[in-house]
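The data block below is data12.cif; it holds mmCIF, C-alpha atoms.
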data_start
#
loop_
_atom_site.label_atom_id
_atom_site.label_comp_id
_atom_site.auth_asym_id
_atom_site.auth_seq_id
_atom_site.Cartn_x
_atom_site.Cartn_y
_atom_site.Cartn_z
CA ALA A 221 -4.74 4.25 -14.36
CA GLN A 222 -1.12 5.31 -13.84
CA GLU A 223 1.75 3.04 -14.89
CA TRP A 224 3.56 1.29 -12.06
CA ASN A 225 6.16 3.86 -11.02
CA LYS A 226 9.32 1.78 -11.49
CA ALA A 227 11.72 4.63 -10.73
CA ALA A 228 9.96 5.46 -7.47
CA PHE A 229 9.91 1.84 -6.28
CA GLU A 230 13.59 1.42 -7.20
CA GLY A 231 14.59 4.52 -5.23
CA LYS A 232 16.86 3.40 -2.40
CA SER A 233 16.62 6.39 -0.07
CA LEU A 234 13.81 8.67 1.02
CA ASP A 235 15.32 11.48 -1.07
CA ASP A 236 15.39 9.26 -4.18
CA VAL A 237 11.66 8.60 -3.80
CA PHE A 238 10.79 12.22 -2.92
CA LYS A 239 12.59 13.30 -6.10
CA VAL A 240 10.77 10.81 -8.37
CA LEU A 241 7.39 11.68 -6.86
CA GLY A 242 8.15 15.38 -7.24
CA ALA A 243 7.52 15.79 -3.54
CA GLY A 244 10.48 18.07 -2.75
CA THR A 245 10.92 17.83 1.00
CA PRO A 246 7.37 17.39 2.30
CA ASP A 247 6.36 19.46 5.32
CA LYS A 248 5.52 17.59 8.49
CA SER A 249 1.82 18.14 9.07
CA GLY A 250 -0.55 17.38 11.92
CA ALA A 251 -3.25 16.91 9.28
CA VAL A 252 -1.63 13.61 8.26
CA THR A 253 -2.04 10.67 10.63
CA LEU A 254 0.14 7.58 10.38
CA ASN A 255 -1.26 4.57 12.19
CA ALA A 256 1.53 2.13 12.94
CA PRO A 257 2.58 0.15 16.02
CA ASP A 258 5.36 1.39 18.35
CA ILE A 259 6.85 -2.08 18.33
CA ALA A 260 6.40 -4.71 15.61
CA GLU A 261 7.17 -8.18 16.90
CA ASN A 262 7.17 -9.53 13.36
CA GLY A 263 8.75 -7.31 10.71
CA ALA A 264 7.15 -9.43 7.98
CA VAL A 265 3.69 -8.11 8.83
CA VAL A 266 3.50 -4.53 10.08
CA PRO A 267 0.05 -2.92 9.85
CA VAL A 268 0.30 0.65 8.54
CA GLY A 269 -2.52 3.07 7.84
CA ILE A 270 -2.76 6.65 6.61
CA THR A 271 -5.62 9.04 7.25
CA THR A 272 -5.78 12.76 6.70
CA THR A 273 -8.12 15.70 6.99
CA LEU A 274 -6.68 17.02 3.69
CA LYS A 275 -8.31 16.33 0.33
CA ALA A 276 -5.80 13.63 -0.56
CA GLU A 277 -5.34 12.69 -4.20
CA GLN A 278 -2.28 10.50 -3.62
CA MET A 279 -0.80 8.76 -0.58
CA ALA A 280 2.44 6.83 -0.08
CA ILE A 281 4.09 4.71 2.61
CA LEU A 282 7.89 4.84 2.92
CA VAL A 283 10.26 2.90 5.17
CA GLU A 284 13.57 4.71 5.59
CA LYS A 285 15.77 1.67 6.22
CA ASN A 286 14.23 -0.82 3.81
CA PRO A 287 16.36 -1.73 0.74
CA SER A 288 13.92 0.35 -1.33
CA ALA A 289 12.18 3.08 0.63
CA LEU A 290 8.77 3.13 -1.10
CA ALA A 291 6.47 0.31 0.08
CA ALA A 292 3.19 1.29 -1.56
CA GLN A 293 1.35 4.25 -3.01
CA PHE A 294 -2.33 4.91 -3.64
CA PHE A 295 -4.34 7.19 -5.90
CA ILE A 296 -7.54 8.44 -4.29
CA PRO A 297 -10.32 9.44 -6.70
CA ALA A 298 -12.98 11.98 -5.65
CA GLY A 299 -15.61 10.20 -3.55
CA THR A 300 -13.07 7.92 -1.86
CA GLU A 301 -12.18 8.70 1.75
CA PRO A 302 -8.56 9.71 2.52
CA PHE A 303 -8.05 6.49 4.47
CA VAL A 304 -5.95 3.45 3.53
CA THR A 305 -4.61 0.60 5.65
CA THR A 306 -2.29 -2.17 4.51
CA ARG A 307 0.50 -4.40 5.84
CA ILE A 308 4.17 -4.04 5.01
CA LYS A 309 7.52 -5.73 5.60
CA MET A 310 10.30 -4.03 7.56
CA GLY A 311 13.86 -5.35 7.61
CA GLN A 312 14.78 -3.52 10.83
CA THR A 313 13.75 -0.76 13.21
CA SER A 314 13.15 2.34 11.11
CA ASN A 315 11.23 5.55 10.67
CA VAL A 316 8.05 5.03 8.66
CA TYR A 317 6.74 7.96 6.59
CA ALA A 318 3.17 8.62 5.52
CA LEU A 319 3.04 11.01 2.56
CA VAL A 320 -0.10 12.75 1.35
CA LYS A 321 -0.50 14.86 -1.78
CA ALA A 322 -3.41 17.30 -1.58
CA ASP A 323 -3.98 20.33 -3.83
CA GLY A 324 -0.67 19.52 -5.52
CA LYS A 325 1.29 19.84 -2.28
CA TRP A 326 2.92 17.03 -0.30
CA SER A 327 2.69 16.71 3.49
CA MET A 328 3.93 13.95 5.73
CA SER A 329 3.94 12.33 9.12
CA VAL A 330 6.76 10.23 10.60
CA LYS A 331 6.86 7.53 13.23
CA GLU A 332 9.58 5.17 14.41
CA VAL A 333 8.57 1.51 14.46
CA LYS A 334 10.82 -0.84 16.45
CA VAL A 335 11.18 -4.24 14.83
CA THR A 336 12.21 -7.17 16.98
CA LEU A 337 12.24 -9.76 14.15
CA GLY A 338 13.14 -8.63 10.60
CA GLY A 339 10.92 -9.40 7.65
CA CYS A 340 13.10 -9.08 4.58
CA GLY A 341 15.83 -11.70 5.07
CA GLY A 342 15.12 -15.39 5.09
CA MET B 278 -4.15 -18.89 -12.24
CA ALA B 279 -3.65 -17.18 -8.94
CA ASP B 280 -5.77 -18.01 -5.91
CA PRO B 281 -8.95 -15.99 -5.32
CA MET B 282 -9.05 -12.89 -3.13
CA ARG B 283 -11.39 -12.39 -0.24
CA VAL B 284 -13.34 -9.16 -0.66
CA ARG B 285 -15.72 -7.76 1.97
CA ALA B 286 -17.68 -4.55 1.51
CA ALA B 287 -20.06 -3.20 4.14
CA GLU B 288 -22.09 0.01 3.81
CA ASN B 289 -22.74 2.18 6.88
CA GLY B 290 -24.06 5.74 6.74
CA GLY B 291 -23.31 6.21 3.04
CA ILE B 292 -19.73 5.00 3.38
CA VAL B 293 -18.69 1.61 2.05
CA ASP B 294 -15.84 -0.02 3.98
CA VAL B 295 -13.90 -2.35 1.68
CA LYS B 296 -11.50 -4.99 2.99
CA ILE B 297 -9.43 -7.04 0.54
CA LEU B 298 -7.16 -9.99 1.27
CA MET B 299 -5.10 -11.04 -1.74
CA LYS B 300 -3.31 -14.37 -2.02
CA HIS B 301 0.26 -13.80 -3.16
CA ASP B 302 3.75 -14.74 -1.93
CA MET B 303 5.08 -11.18 -2.45
CA GLU B 304 8.66 -12.46 -2.80
CA SER B 305 10.88 -9.58 -1.70
CA GLY B 306 13.94 -10.22 -3.83
CA GLN B 307 16.01 -10.10 -0.62
CA ARG B 308 15.74 -13.76 0.37
CA LYS B 309 18.22 -16.48 -0.57
CA ASP B 310 17.44 -20.13 -1.27
CA ALA B 311 19.25 -23.09 0.38
CA ALA B 312 22.06 -22.84 -2.20
CA GLY B 313 22.64 -19.17 -1.34
CA LYS B 314 21.14 -17.88 -4.59
CA THR B 315 18.91 -14.82 -4.38
CA ILE B 316 15.25 -15.59 -5.01
CA PRO B 317 14.03 -13.01 -7.56
CA ALA B 318 11.37 -10.51 -6.52
CA TRP B 319 7.82 -11.42 -7.51
CA PHE B 320 4.99 -9.26 -6.20
CA ILE B 321 1.63 -7.68 -6.95
CA SER B 322 2.51 -4.33 -8.53
CA THR B 323 -0.81 -2.69 -9.36
CA ILE B 324 -4.29 -2.99 -7.95
CA ASN B 325 -7.50 -1.38 -9.16
CA VAL B 326 -10.85 -1.28 -7.39
CA LYS B 327 -14.04 -0.25 -9.16
CA ALA B 328 -17.53 0.26 -7.75
CA ASN B 329 -20.30 0.08 -10.37
CA GLY B 330 -17.65 0.49 -13.07
CA LYS B 331 -16.04 3.63 -11.60
CA ASP B 332 -12.53 3.72 -10.07
CA VAL B 333 -12.62 4.02 -6.28
CA LEU B 334 -8.95 3.18 -5.62
CA ASN B 335 -5.75 2.63 -7.55
CA GLY B 336 -2.77 1.23 -5.71
CA GLN B 337 0.83 0.44 -6.56
CA PHE B 338 2.78 -2.02 -4.43
CA GLY B 339 6.48 -2.68 -4.16
CA PRO B 340 7.99 -5.92 -2.86
CA ALA B 341 7.89 -4.51 0.70
CA VAL B 342 4.15 -5.15 0.97
CA SER B 343 3.53 -8.22 3.16
CA LYS B 344 2.77 -11.70 1.88
CA ASP B 345 -0.96 -12.11 1.16
CA PRO B 346 -1.52 -8.34 0.95
CA PHE B 347 -4.30 -6.76 2.96
CA LEU B 348 -6.00 -3.54 1.96
CA ASN B 349 -8.72 -1.55 3.71
CA PHE B 350 -10.25 1.69 2.40
CA LYS B 351 -13.59 3.54 2.33
CA TYR B 352 -15.59 5.32 -0.35
CA LYS B 353 -18.96 7.07 -0.60
CA GLY B 354 -21.37 4.43 -1.86
CA ALA B 355 -24.48 2.39 -1.25
CA LYS B 356 -25.65 -1.11 -0.46
CA GLY B 357 -25.72 -3.27 -3.58
CA ASP B 358 -22.70 -1.56 -5.21
CA LYS B 359 -20.87 -4.04 -7.40
CA ILE B 360 -17.20 -4.00 -6.43
CA VAL B 361 -14.58 -5.40 -8.80
CA VAL B 362 -11.00 -5.82 -7.57
CA SER B 363 -8.18 -6.58 -10.04
CA TRP B 364 -4.45 -6.96 -9.54
CA VAL B 365 -1.47 -7.53 -11.83
CA ASP B 366 1.86 -8.86 -10.57
CA SER B 367 5.43 -8.27 -11.69
CA LYS B 368 5.33 -11.37 -13.93
CA GLY B 369 2.10 -10.25 -15.60
CA ASP B 370 -0.15 -12.69 -13.75
CA LYS B 371 -3.63 -11.30 -13.07
CA ARG B 372 -6.59 -11.91 -10.87
CA THR B 373 -10.04 -10.30 -10.68
CA ASP B 374 -12.69 -10.92 -8.02
CA GLU B 375 -16.05 -9.34 -7.25
CA ALA B 376 -18.20 -8.57 -4.24
CA THR B 377 -21.44 -6.76 -3.52
CA ALA B 378 -21.64 -4.09 -0.83
CA SER B 379 -23.93 -5.21 1.99
#

Structure re-expressed in structure tokens:
Amino acid sequence: AQEWNKAAFEGKSLDDVFKVLGAGTPDKSGAVTLNAPDIAENGAVVPVGITTTLKAEQMAILVEKNPSALAAQFFIPAGTEPFVTTRIKMGQTSNVYALVKADGKWSMSVKEVKVTLGGCGG
Amino acid sequence: MADPMRVRAAENGGIVDVKILMKHDMESGQRKDAAGKTIPAWFISTINVKANGKDVLNGQFGPAVSKDPFLNFKYKGAKGDKIVVSWVDSKGDKRTDEATAS
């Protein structure tokens, strides 16, 4: 298995993370579906899922306005469906990005999630 | 030793749907304690899921994944598959739990 990608998780901005992942500027694609709520009442627990019709080998969830943009990434072996759902924290209202790498090329989908109660402070 | 995970795996039409609930504080590194000192980040960083000894998912988490992380994914499999879920956190703590696809 791959080492935990420290540089990617420490990237502050979207561009930092895109650079570390070697994603360039991913094209927005209708083949990538990001399942996230329009409004998250509790930023500490925001359900986020990625599905795609592409043959995904890697998927990532990014939150533009979090202190570090990358929330999680997944490696999808052959035989595993291109479908992952998890829950993330969001400090404030932000665009959420679903990235998918298929055939060596990155695609993405974007959605704004409004947060009424932040999940990163305390 | 960390608390056990809850792992559910249900086969339907050749696809096994796996749901995992891990038990972990996932401290973000953004919070401050009563004295105003930042509480250091402490989170599950890598997760591996195997079915019958073969990788079906590898995940990497940052501290922005919610407390008690939840994960749902699907792979091509069969009833009776032995599913082994392991995680390692940023302090090197580990936990492994098993389930059988039903």

With the file shown as input, list the residues that the PyMOL selection byres ((chain B) within 6 of (chain A)) selects, as a ChimeraX atom specification.
-> /B:307-308,333-339,341-343,347-353

Output for the residues just chosen: C-alpha atoms as a CSV table (one decimal), in the frame of the given file:
chain,number,residue,atom,x,y,z
B,307,GLN,CA,16.0,-10.1,-0.6
B,308,ARG,CA,15.7,-13.8,0.4
B,333,VAL,CA,-12.6,4.0,-6.3
B,334,LEU,CA,-9.0,3.2,-5.6
B,335,ASN,CA,-5.8,2.6,-7.6
B,336,GLY,CA,-2.8,1.2,-5.7
B,337,GLN,CA,0.8,0.4,-6.6
B,338,PHE,CA,2.8,-2.0,-4.4
B,339,GLY,CA,6.5,-2.7,-4.2
B,341,ALA,CA,7.9,-4.5,0.7
B,342,VAL,CA,4.2,-5.2,1.0
B,343,SER,CA,3.5,-8.2,3.2
B,347,PHE,CA,-4.3,-6.8,3.0
B,348,LEU,CA,-6.0,-3.5,2.0
B,349,ASN,CA,-8.7,-1.6,3.7
B,350,PHE,CA,-10.2,1.7,2.4
B,351,LYS,CA,-13.6,3.5,2.3
B,352,TYR,CA,-15.6,5.3,-0.4
B,353,LYS,CA,-19.0,7.1,-0.6

Carefully work through the PyMOL selection byres ((chain A and resi 252-257) around 7) for this structure and note down the residues it includes, as number ranges by chain.
-> A: 249-251, 258-260, 267-273, 318, 328-329, 333

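You will find CA of Asp323 (chain A) at 7.8 Å from CA of Glu277 (chain A).
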
The PyMOL selection byres ((chain B and resi 345) around 8) on the file shown: which residues, as an NGL selection string?
-> :B and (298-303 or 343-344 or 346-347)

Suppose we keep C-alpha atoms; can you now write the selection as a PDB file, in the frame of the given file?
ATOM      1  CA  LEU B 298      -7.160  -9.990   1.270  1.00  0.00           C
ATOM      2  CA  MET B 299      -5.100 -11.040  -1.740  1.00  0.00           C
ATOM      3  CA  LYS B 300      -3.310 -14.370  -2.020  1.00  0.00           C
ATOM      4  CA  HIS B 301       0.260 -13.800  -3.160  1.00  0.00           C
ATOM      5  CA  ASP B 302       3.750 -14.740  -1.930  1.00  0.00           C
ATOM      6  CA  MET B 303       5.080 -11.180  -2.450  1.00  0.00           C
ATOM      7  CA  SER B 343       3.530  -8.220   3.160  1.00  0.00           C
ATOM      8  CA  LYS B 344       2.770 -11.700   1.880  1.00  0.00           C
ATOM      9  CA  PRO B 346      -1.520  -8.340   0.950  1.00  0.00           C
ATOM     10  CA  PHE B 347      -4.300  -6.760   2.960  1.00  0.00           C
TER      11      PHE B 347
END

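The spacing separating CA of Lys371 (chain B) from CA of Gly231 (chain A) amounts to 25.4 Å.
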
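Across the model, the gap from CA of Val335 (chain A) to CA of Glu284 (chain A) is 13.1 Å.
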
Compile the contact shell of Val361 (chain B) as a PDB file with C-alpha atoms, in the coordinates of the input: residues with an atom at most 7 Å away, counting only C-alpha atoms, same-chain residues fewer than 3 positions apart removed.
ATOM      1  CA  VAL B 326     -10.850  -1.280  -7.390  1.00  0.00           C
ATOM      2  CA  LYS B 327     -14.040  -0.250  -9.160  1.00  0.00           C
ATOM      3  CA  ALA B 328     -17.530   0.260  -7.750  1.00  0.00           C
ATOM      4  CA  THR B 373     -10.040 -10.300 -10.680  1.00  0.00           C
ATOM      5  CA  ASP B 374     -12.690 -10.920  -8.020  1.00  0.00           C
ATOM      6  CA  GLU B 375     -16.050  -9.340  -7.250  1.00  0.00           C
ATOM      7  CA  ALA B 376     -18.200  -8.570  -4.240  1.00  0.00           C
TER       8      ALA B 376
END
